[in-house]
file data.cif (mmCIF, C-alpha atoms; chains and numbers go by the auth columns)
data_query
loop_
_atom_site.group_PDB
_atom_site.id
_atom_site.type_symbol
_atom_site.label_atom_id
_atom_site.label_comp_id
_atom_site.label_asym_id
_atom_site.label_seq_id
_atom_site.Cartn_x
_atom_site.Cartn_y
_atom_site.Cartn_z
_atom_site.B_iso_or_equiv
_atom_site.auth_seq_id
_atom_site.auth_asym_id
ATOM 1 C CA MET A 1 0.000 0.000 0.000 0.00 1 A
ATOM 2 C CA ILE A 2 2.956 2.308 0.581 0.00 2 A
ATOM 3 C CA TYR A 3 4.022 1.927 -3.058 0.00 3 A
ATOM 4 C CA TYR A 4 0.465 2.650 -4.199 0.00 4 A
ATOM 5 C CA TRP A 5 0.204 5.940 -2.280 0.00 5 A
ATOM 6 C CA TYR A 6 3.767 6.900 -3.182 0.00 6 A
ATOM 7 C CA THR A 7 2.837 6.522 -6.877 0.00 7 A
ATOM 8 C CA ILE A 8 -0.422 8.477 -6.492 0.00 8 A
ATOM 9 C CA LEU A 9 1.435 11.336 -4.769 0.00 9 A
ATOM 10 C CA LYS A 10 4.061 11.234 -7.532 0.00 10 A
ATOM 11 C CA ILE A 11 1.314 11.477 -10.195 0.00 11 A
ATOM 12 C CA LEU A 12 -0.279 14.422 -8.388 0.00 12 A
ATOM 13 C CA THR A 13 3.077 16.186 -8.027 0.00 13 A
ATOM 14 C CA LEU A 14 4.207 15.558 -11.604 0.00 14 A
ATOM 15 C CA ARG A 15 0.952 16.976 -12.985 0.00 15 A
ATOM 16 C CA ASN A 16 2.517 20.398 -12.392 0.00 16 A
ATOM 17 C CA PHE A 17 5.390 19.565 -14.762 0.00 17 A
ATOM 18 C CA GLN A 18 3.592 17.623 -17.496 0.00 18 A
ATOM 19 C CA SER A 19 1.493 18.825 -20.370 0.00 19 A
ATOM 20 C CA SER A 20 -2.267 18.816 -19.900 0.00 20 A
ATOM 21 C CA VAL A 21 -4.443 16.216 -21.535 0.00 21 A
ATOM 22 C CA ASN A 22 -8.074 16.407 -22.522 0.00 22 A
ATOM 23 C CA TYR A 23 -10.656 14.470 -20.473 0.00 23 A
ATOM 24 C CA ASP A 24 -11.274 12.101 -23.383 0.00 24 A
ATOM 25 C CA ASP A 25 -7.704 11.699 -24.661 0.00 25 A
ATOM 26 C CA THR A 26 -6.218 8.244 -25.009 0.00 26 A
ATOM 27 C CA ILE A 27 -3.113 8.159 -22.848 0.00 27 A
ATOM 28 C CA ARG A 28 -0.415 5.548 -22.412 0.00 28 A
ATOM 29 C CA ARG A 29 2.220 4.883 -19.815 0.00 29 A
ATOM 30 C CA THR A 30 5.086 2.387 -19.815 0.00 30 A
ATOM 31 C CA TYR A 31 5.689 0.304 -16.681 0.00 31 A
ATOM 32 C CA ARG A 32 8.019 -2.530 -15.750 0.00 32 A
ATOM 33 C CA VAL A 33 6.901 -5.731 -14.037 0.00 33 A
ATOM 34 C CA GLY A 34 8.739 -5.695 -10.729 0.00 34 A
ATOM 35 C CA LEU A 35 9.562 -8.692 -8.576 0.00 35 A
ATOM 36 C CA MET A 36 6.958 -7.637 -5.987 0.00 36 A
ATOM 37 C CA ASP A 37 4.308 -7.515 -8.761 0.00 37 A
ATOM 38 C CA CYS A 38 4.691 -11.237 -9.365 0.00 38 A
ATOM 39 C CA ASP A 39 3.400 -14.467 -7.948 0.00 39 A
ATOM 40 C CA GLY A 40 5.590 -17.523 -7.403 0.00 40 A
ATOM 41 C CA LEU A 41 5.668 -18.298 -11.096 0.00 41 A
ATOM 42 C CA ARG A 42 7.355 -15.008 -11.985 0.00 42 A
ATOM 43 C CA VAL A 43 4.404 -13.514 -13.847 0.00 43 A
ATOM 44 C CA MET A 44 2.414 -10.467 -12.806 0.00 44 A
ATOM 45 C CA THR A 45 -0.283 -11.427 -10.336 0.00 45 A
ATOM 46 C CA ALA A 46 -3.914 -10.620 -11.177 0.00 46 A
ATOM 47 C CA SER A 47 -4.270 -7.997 -8.438 0.00 47 A
ATOM 48 C CA LYS A 48 -1.536 -5.812 -9.930 0.00 48 A
ATOM 49 C CA TYR A 49 -3.459 -5.235 -13.168 0.00 49 A
ATOM 50 C CA ALA A 50 -6.099 -3.330 -11.204 0.00 50 A
ATOM 51 C CA VAL A 51 -3.382 -1.248 -9.505 0.00 51 A
ATOM 52 C CA TYR A 52 -1.845 -0.187 -12.812 0.00 52 A
ATOM 53 C CA MET A 53 -5.336 0.623 -14.105 0.00 53 A
ATOM 54 C CA ASP A 54 -5.826 2.893 -11.075 0.00 54 A
ATOM 55 C CA PHE A 55 -2.518 4.638 -11.728 0.00 55 A
ATOM 56 C CA ILE A 56 -3.335 5.575 -15.300 0.00 56 A
ATOM 57 C CA ARG A 57 -6.869 6.727 -14.416 0.00 57 A
ATOM 58 C CA TRP A 58 -5.379 8.923 -11.676 0.00 58 A
ATOM 59 C CA GLU A 59 -2.969 10.325 -14.249 0.00 59 A
ATOM 60 C CA LEU A 60 -5.810 11.171 -16.640 0.00 60 A
ATOM 61 C CA ILE A 61 -7.717 12.938 -13.869 0.00 61 A
ATOM 62 C CA ALA A 62 -4.628 14.748 -12.563 0.00 62 A
ATOM 63 C CA ARG A 63 -3.532 16.015 -15.977 0.00 63 A
ATOM 64 C CA SER A 64 -6.977 16.999 -17.280 0.00 64 A
ATOM 65 C CA GLN A 65 -9.614 19.605 -16.441 0.00 65 A
ATOM 66 C CA LEU A 66 -11.350 16.940 -14.350 0.00 66 A
ATOM 67 C CA PHE A 67 -8.867 17.443 -11.493 0.00 67 A
ATOM 68 C CA LYS A 68 -9.930 20.982 -10.626 0.00 68 A
ATOM 69 C CA ALA A 69 -13.636 20.267 -11.165 0.00 69 A
ATOM 70 C CA ILE A 70 -13.529 17.245 -8.850 0.00 70 A
ATOM 71 C CA LEU A 71 -11.290 18.901 -6.252 0.00 71 A
ATOM 72 C CA LYS A 72 -13.398 22.074 -6.153 0.00 72 A
ATOM 73 C CA ARG A 73 -16.480 20.043 -5.217 0.00 73 A
ATOM 74 C CA GLY A 74 -14.668 17.857 -2.679 0.00 74 A
ATOM 75 C CA LEU A 75 -15.511 14.716 -4.623 0.00 75 A
ATOM 76 C CA ALA A 76 -13.848 11.305 -4.603 0.00 76 A
ATOM 77 C CA PRO A 77 -13.490 9.248 -7.793 0.00 77 A
ATOM 78 C CA SER A 78 -14.451 5.613 -7.247 0.00 78 A
ATOM 79 C CA LEU A 79 -15.041 2.423 -9.195 0.00 79 A
ATOM 80 C CA GLY A 80 -18.483 0.960 -9.623 0.00 80 A
ATOM 81 C CA SER A 81 -17.454 -2.170 -11.460 0.00 81 A
ATOM 82 C CA GLN A 82 -14.411 -3.643 -13.103 0.00 82 A
ATOM 83 C CA LYS A 83 -13.886 -6.523 -15.525 0.00 83 A
ATOM 84 C CA ILE A 84 -10.459 -7.802 -16.551 0.00 84 A
ATOM 85 C CA ILE A 85 -9.763 -10.283 -19.320 0.00 85 A
ATOM 86 C CA TYR A 86 -6.327 -11.886 -19.087 0.00 86 A
ATOM 87 C CA ARG A 87 -4.935 -13.106 -22.383 0.00 87 A
ATOM 88 C CA LYS A 88 -1.219 -13.747 -21.864 0.00 88 A
ATOM 89 C CA PRO A 89 1.015 -13.223 -18.819 0.00 89 A
ATOM 90 C CA LEU A 90 3.404 -10.330 -18.268 0.00 90 A
ATOM 91 C CA LYS A 91 6.732 -11.725 -17.064 0.00 91 A
ATOM 92 C CA VAL A 92 9.001 -10.320 -14.379 0.00 92 A
ATOM 93 C CA TRP A 93 11.319 -7.454 -15.441 0.00 93 A
ATOM 94 C CA SER A 94 9.547 -6.989 -18.776 0.00 94 A
ATOM 95 C CA ASN A 95 8.195 -3.611 -19.881 0.00 95 A
ATOM 96 C CA PHE A 96 4.565 -3.139 -20.819 0.00 96 A
ATOM 97 C CA GLU A 97 2.258 -0.253 -21.651 0.00 97 A
ATOM 98 C CA VAL A 98 -1.136 0.541 -20.241 0.00 98 A
ATOM 99 C CA VAL A 99 -3.283 2.390 -22.768 0.00 99 A
ATOM 100 C CA LEU A 100 -6.316 4.169 -21.304 0.00 100 A
ATOM 101 C CA GLU A 101 -9.263 5.170 -23.444 0.00 101 A
ATOM 102 C CA SER A 102 -12.342 6.975 -22.162 0.00 102 A
ATOM 103 C CA VAL A 103 -15.133 5.386 -24.197 0.00 103 A
ATOM 104 C CA GLY A 104 -18.246 7.096 -22.839 0.00 104 A
ATOM 105 C CA TRP A 105 -20.207 8.589 -19.957 0.00 105 A
ATOM 106 C CA ASP A 106 -23.723 9.399 -18.816 0.00 106 A
ATOM 107 C CA GLU A 107 -25.365 11.094 -15.794 0.00 107 A
ATOM 108 C CA LYS A 108 -23.624 8.781 -13.316 0.00 108 A
ATOM 109 C CA TRP A 109 -20.929 6.643 -14.919 0.00 109 A
ATOM 110 C CA VAL A 110 -17.795 7.141 -16.965 0.00 110 A
ATOM 111 C CA TYR A 111 -16.503 4.101 -18.880 0.00 111 A
ATOM 112 C CA PHE A 112 -12.835 3.307 -19.504 0.00 112 A
ATOM 113 C CA VAL A 113 -11.008 0.607 -21.452 0.00 113 A
ATOM 114 C CA HIS A 114 -7.439 -0.247 -20.413 0.00 114 A
ATOM 115 C CA ASN A 115 -5.248 -2.259 -22.775 0.00 115 A
ATOM 116 C CA PHE A 116 -2.120 -3.907 -21.393 0.00 116 A
ATOM 117 C CA GLU A 117 0.226 -4.084 -24.362 0.00 117 A
ATOM 118 C CA GLN A 118 3.637 -5.582 -24.869 0.00 118 A
ATOM 119 C CA ASN A 119 5.466 -5.732 -28.202 0.00 119 A
ATOM 120 C CA LYS A 120 2.309 -4.449 -29.964 0.00 120 A
ATOM 121 C CA GLU A 121 0.297 -7.379 -28.575 0.00 121 A
ATOM 122 C CA VAL A 122 -2.628 -7.042 -26.143 0.00 122 A
ATOM 123 C CA LYS A 123 -1.898 -9.088 -23.015 0.00 123 A
ATOM 124 C CA ALA A 124 -4.995 -8.081 -21.017 0.00 124 A
ATOM 125 C CA ILE A 125 -7.977 -5.754 -21.225 0.00 125 A
ATOM 126 C CA GLY A 126 -9.605 -4.046 -18.267 0.00 126 A
ATOM 127 C CA VAL A 127 -12.986 -2.347 -18.584 0.00 127 A
ATOM 128 C CA VAL A 128 -14.324 -0.185 -15.757 0.00 128 A
ATOM 129 C CA ARG A 129 -17.168 2.100 -14.969 0.00 129 A
ATOM 130 C CA ALA A 130 -16.427 4.771 -12.434 0.00 130 A
ATOM 131 C CA LEU A 131 -18.267 7.579 -10.711 0.00 131 A
ATOM 132 C CA VAL A 132 -17.592 10.402 -8.279 0.00 132 A
ATOM 133 C CA TRP A 133 -18.850 10.512 -4.695 0.00 133 A
ATOM 134 C CA LYS A 134 -19.360 13.082 -1.988 0.00 134 A
ATOM 135 C CA ARG A 135 -20.238 11.868 1.506 0.00 135 A
ATOM 136 C CA ASP A 136 -21.332 8.426 0.279 0.00 136 A
ATOM 137 C CA ILE A 137 -23.680 9.923 -2.330 0.00 137 A
ATOM 138 C CA PRO A 138 -22.926 9.614 -6.056 0.00 138 A
ATOM 139 C CA SER A 139 -22.612 13.017 -7.714 0.00 139 A
ATOM 140 C CA VAL A 140 -24.105 13.952 -11.023 0.00 140 A
ATOM 141 C CA LEU A 141 -21.303 13.455 -13.512 0.00 141 A
ATOM 142 C CA SER A 142 -22.990 15.608 -16.155 0.00 142 A
ATOM 143 C CA GLU A 143 -22.442 18.735 -13.995 0.00 143 A
ATOM 144 C CA ILE A 144 -18.703 18.133 -13.985 0.00 144 A
ATOM 145 C CA MET A 145 -18.612 17.333 -17.694 0.00 145 A
ATOM 146 C CA ASN A 146 -20.599 20.479 -18.448 0.00 146 A
ATOM 147 C CA GLU A 147 -18.164 22.588 -16.415 0.00 147 A
ATOM 148 C CA ILE A 148 -15.161 21.323 -18.392 0.00 148 A
ATOM 149 C CA GLY A 149 -16.890 21.832 -21.729 0.00 149 A
ATOM 150 C CA ALA A 150 -17.669 18.197 -22.495 0.00 150 A
ATOM 151 C CA PRO A 151 -20.914 16.929 -23.973 0.00 151 A
ATOM 152 C CA LEU A 152 -23.388 15.877 -21.258 0.00 152 A
ATOM 153 C CA SER A 153 -23.125 12.278 -22.398 0.00 153 A
ATOM 154 C CA LYS A 154 -21.270 10.077 -24.831 0.00 154 A
ATOM 155 C CA THR A 155 -22.753 6.635 -25.320 0.00 155 A
ATOM 156 C CA PRO A 156 -20.158 3.910 -24.742 0.00 156 A
ATOM 157 C CA PRO A 157 -19.878 1.072 -27.248 0.00 157 A
ATOM 158 C CA GLU A 158 -22.605 -1.516 -26.761 0.00 158 A
ATOM 159 C CA TRP A 159 -20.115 -4.242 -25.830 0.00 159 A
ATOM 160 C CA VAL A 160 -18.894 -2.066 -22.932 0.00 160 A
ATOM 161 C CA SER A 161 -22.314 -1.216 -21.514 0.00 161 A
ATOM 162 C CA ASP A 162 -23.409 -4.860 -21.921 0.00 162 A
ATOM 163 C CA MET A 163 -20.622 -5.936 -19.560 0.00 163 A
ATOM 164 C CA PHE A 164 -22.260 -4.092 -16.683 0.00 164 A
ATOM 165 C CA LYS A 165 -25.954 -4.795 -17.309 0.00 165 A
ATOM 166 C CA GLU A 166 -26.218 -7.580 -14.745 0.00 166 A
ATOM 167 C CA ASP A 167 -24.244 -5.916 -11.924 0.00 167 A
ATOM 168 C CA LYS A 168 -27.278 -4.897 -9.858 0.00 168 A
ATOM 169 C CA GLU A 169 -28.849 -8.317 -10.302 0.00 169 A
ATOM 170 C CA ILE A 170 -25.665 -10.071 -9.168 0.00 170 A
ATOM 171 C CA ILE A 171 -25.560 -7.945 -6.009 0.00 171 A
ATOM 172 C CA ARG A 172 -29.281 -8.419 -5.420 0.00 172 A
ATOM 173 C CA ARG A 173 -28.889 -12.200 -5.553 0.00 173 A
ATOM 174 C CA SER A 174 -26.115 -12.173 -2.987 0.00 174 A
ATOM 175 C CA GLN A 175 -27.856 -9.616 -0.713 0.00 175 A
ATOM 176 C CA PRO A 176 -31.638 -9.948 -0.704 0.00 176 A
ATOM 177 C CA ASP A 177 -32.053 -6.612 1.122 0.00 177 A
ATOM 178 C CA PHE A 178 -29.950 -4.660 -1.450 0.00 178 A
ATOM 179 C CA LYS A 179 -31.497 -1.476 -2.865 0.00 179 A
ATOM 180 C CA ALA A 180 -29.916 -0.025 -6.024 0.00 180 A
#
call {"tool": "encode", "arguments": {"input": "data.cif", "output": "structure tokens"}}
result
Amino acid sequence: MIYYWYTILKILTLRNFQSSVNYDDTIRRTYRVGLMDCDGLRVMTASKYAVYMDFIRWELIARSQLFKAILKRGLAPSLGSQKIIYRKPLKVWSNFEVVLESVGWDEKWVYFVHNFEQNKEVKAIGVVRALVWKRDIPSVLSEIMNEIGAPLSKTPPEWVSDMFKEDKEIIRRSQPDFKA
């Protein structure tokens, strides 16, 4: 957890020295699979994919107009759901890129696709939907998007929105008293 917060603080500090990006730009960052990222078989463990996805989303927020709009309101970005498809392993000490694409948003959710690439080959894909919170209440994303000059909504590709259609039902089945 120390490495995680060290990296987040580094991203927030470096935002002052890097060029700005637009809220819907595709950005990429190169990382290296470290020994502590790996399981006993010397390949990156599944939990680390989510960490690297967090890092690049934080970078997009920090370097775009979203940072000031979210900070001004005292909001907290958070995930609503995440799906990762692992295709081929990333081996220890090898470099890889995470490519982040914002593929759509609506009143509540923003949708991102993360490609883990190595030697021009996709090794894994992570798809998330995220939102912003204030005091345990989801905020209206369209207000933030309006403030930064974005369209109020951008429909994500159907394959992305289909991935999350059953989320409420899955939770409802595991918690009969759940209210969405």
call {"tool": "atom_distance", "arguments": {"input": "data.cif", "atom1": "atom CA of Gly149 of chain A", "atom2": "atom CA of Leu71 of chain A"}}
result
16.7 Å
call {"tool": "residues_around", "arguments": {"input": "data.cif", "residues": "Lys91 of chain A", "least_positions_apart": "6", "cutoff": "8 Å", "atoms": "all atoms listed in the file", "output": "PyMOL selection string"}}
result
chain A and resi 33+38+42-44
call {"tool": "resolve_selection", "arguments": {"input": "data.cif", "expression": "the PyMOL selection byres ((chain A and resi 104) around 6)", "output": "MDAnalysis selection string"}}
result
chainID A and resid 102:103 105 110:111 154:156
call {"tool": "closest_residue", "arguments": {"input": "data.cif", "among": "A:Met1, A:Ile144, A:Leu152, A:Met53", "to": "Arg29 of chain A", "atoms": "all atoms listed in the file"}}
result
A:Met53
call {"tool": "resolve_selection", "arguments": {"input": "data.cif", "expression": "the PyMOL selection byres ((chain A and resi 121) around 12)", "output": "list in words"}}
result
Arg87, Lys88, Pro89, Leu90, Phe96, Glu97, Val98, Val99, Asn115, Phe116, Glu117, Gln118, Asn119, Lys120, Val122, Lys123, Ala124 and Ile125 of chain A
call {"tool": "resolve_selection", "arguments": {"input": "data.cif", "expression": "the PyMOL selection byres ((chain A and resi 93) around 8)", "output": "VMD selection string"}}
result
chain A and resid 32 to 35 91 to 92 94 to 95
call {"tool": "closest_atom_pairs", "arguments": {"input": "data.cif", "of": "segment 28-135 of chain A", "to": "segment 3-10 of chain A", "cutoff": "10 Å", "atoms": "all atoms listed in the file", "output": "Markdown table"}}
result
| residue | atom | partner | partner_atom | distance |
| --- | --- | --- | --- | --- |
| A:Val51 | CA | A:Tyr4 | CA | 7.6 |
| A:Tyr52 | CA | A:Tyr4 | CA | 9.4 |
| A:Asp54 | CA | A:Ile8 | CA | 9.0 |
| A:Phe55 | CA | A:Ile8 | CA | 6.8 |
| A:Ile56 | CA | A:Ile8 | CA | 9.7 |
| A:Trp58 | CA | A:Ile8 | CA | 7.2 |
| A:Glu59 | CA | A:Ile8 | CA | 8.4 |
| A:Ala62 | CA | A:Ile8 | CA | 9.7 |
call {"tool": "residues_around", "arguments": {"input": "data.cif", "residues": "Ala150 of chain A", "least_positions_apart": "2", "cutoff": "12 Å", "atoms": "all atoms listed in the file", "output": "ChimeraX atom specification"}}
result
/A:22-24,64-66,104-106,141-148,152-154
call {"tool": "atom_distance", "arguments": {"input": "data.cif", "atom1": "atom CA of Arg28 of chain A", "atom2": "atom CA of Leu100 of chain A"}}
result
6.2 Å
call {"tool": "atom_distance", "arguments": {"input": "data.cif", "atom1": "atom CA of Ile84 of chain A", "atom2": "atom CA of Thr45 of chain A"}}
result
12.5 Å
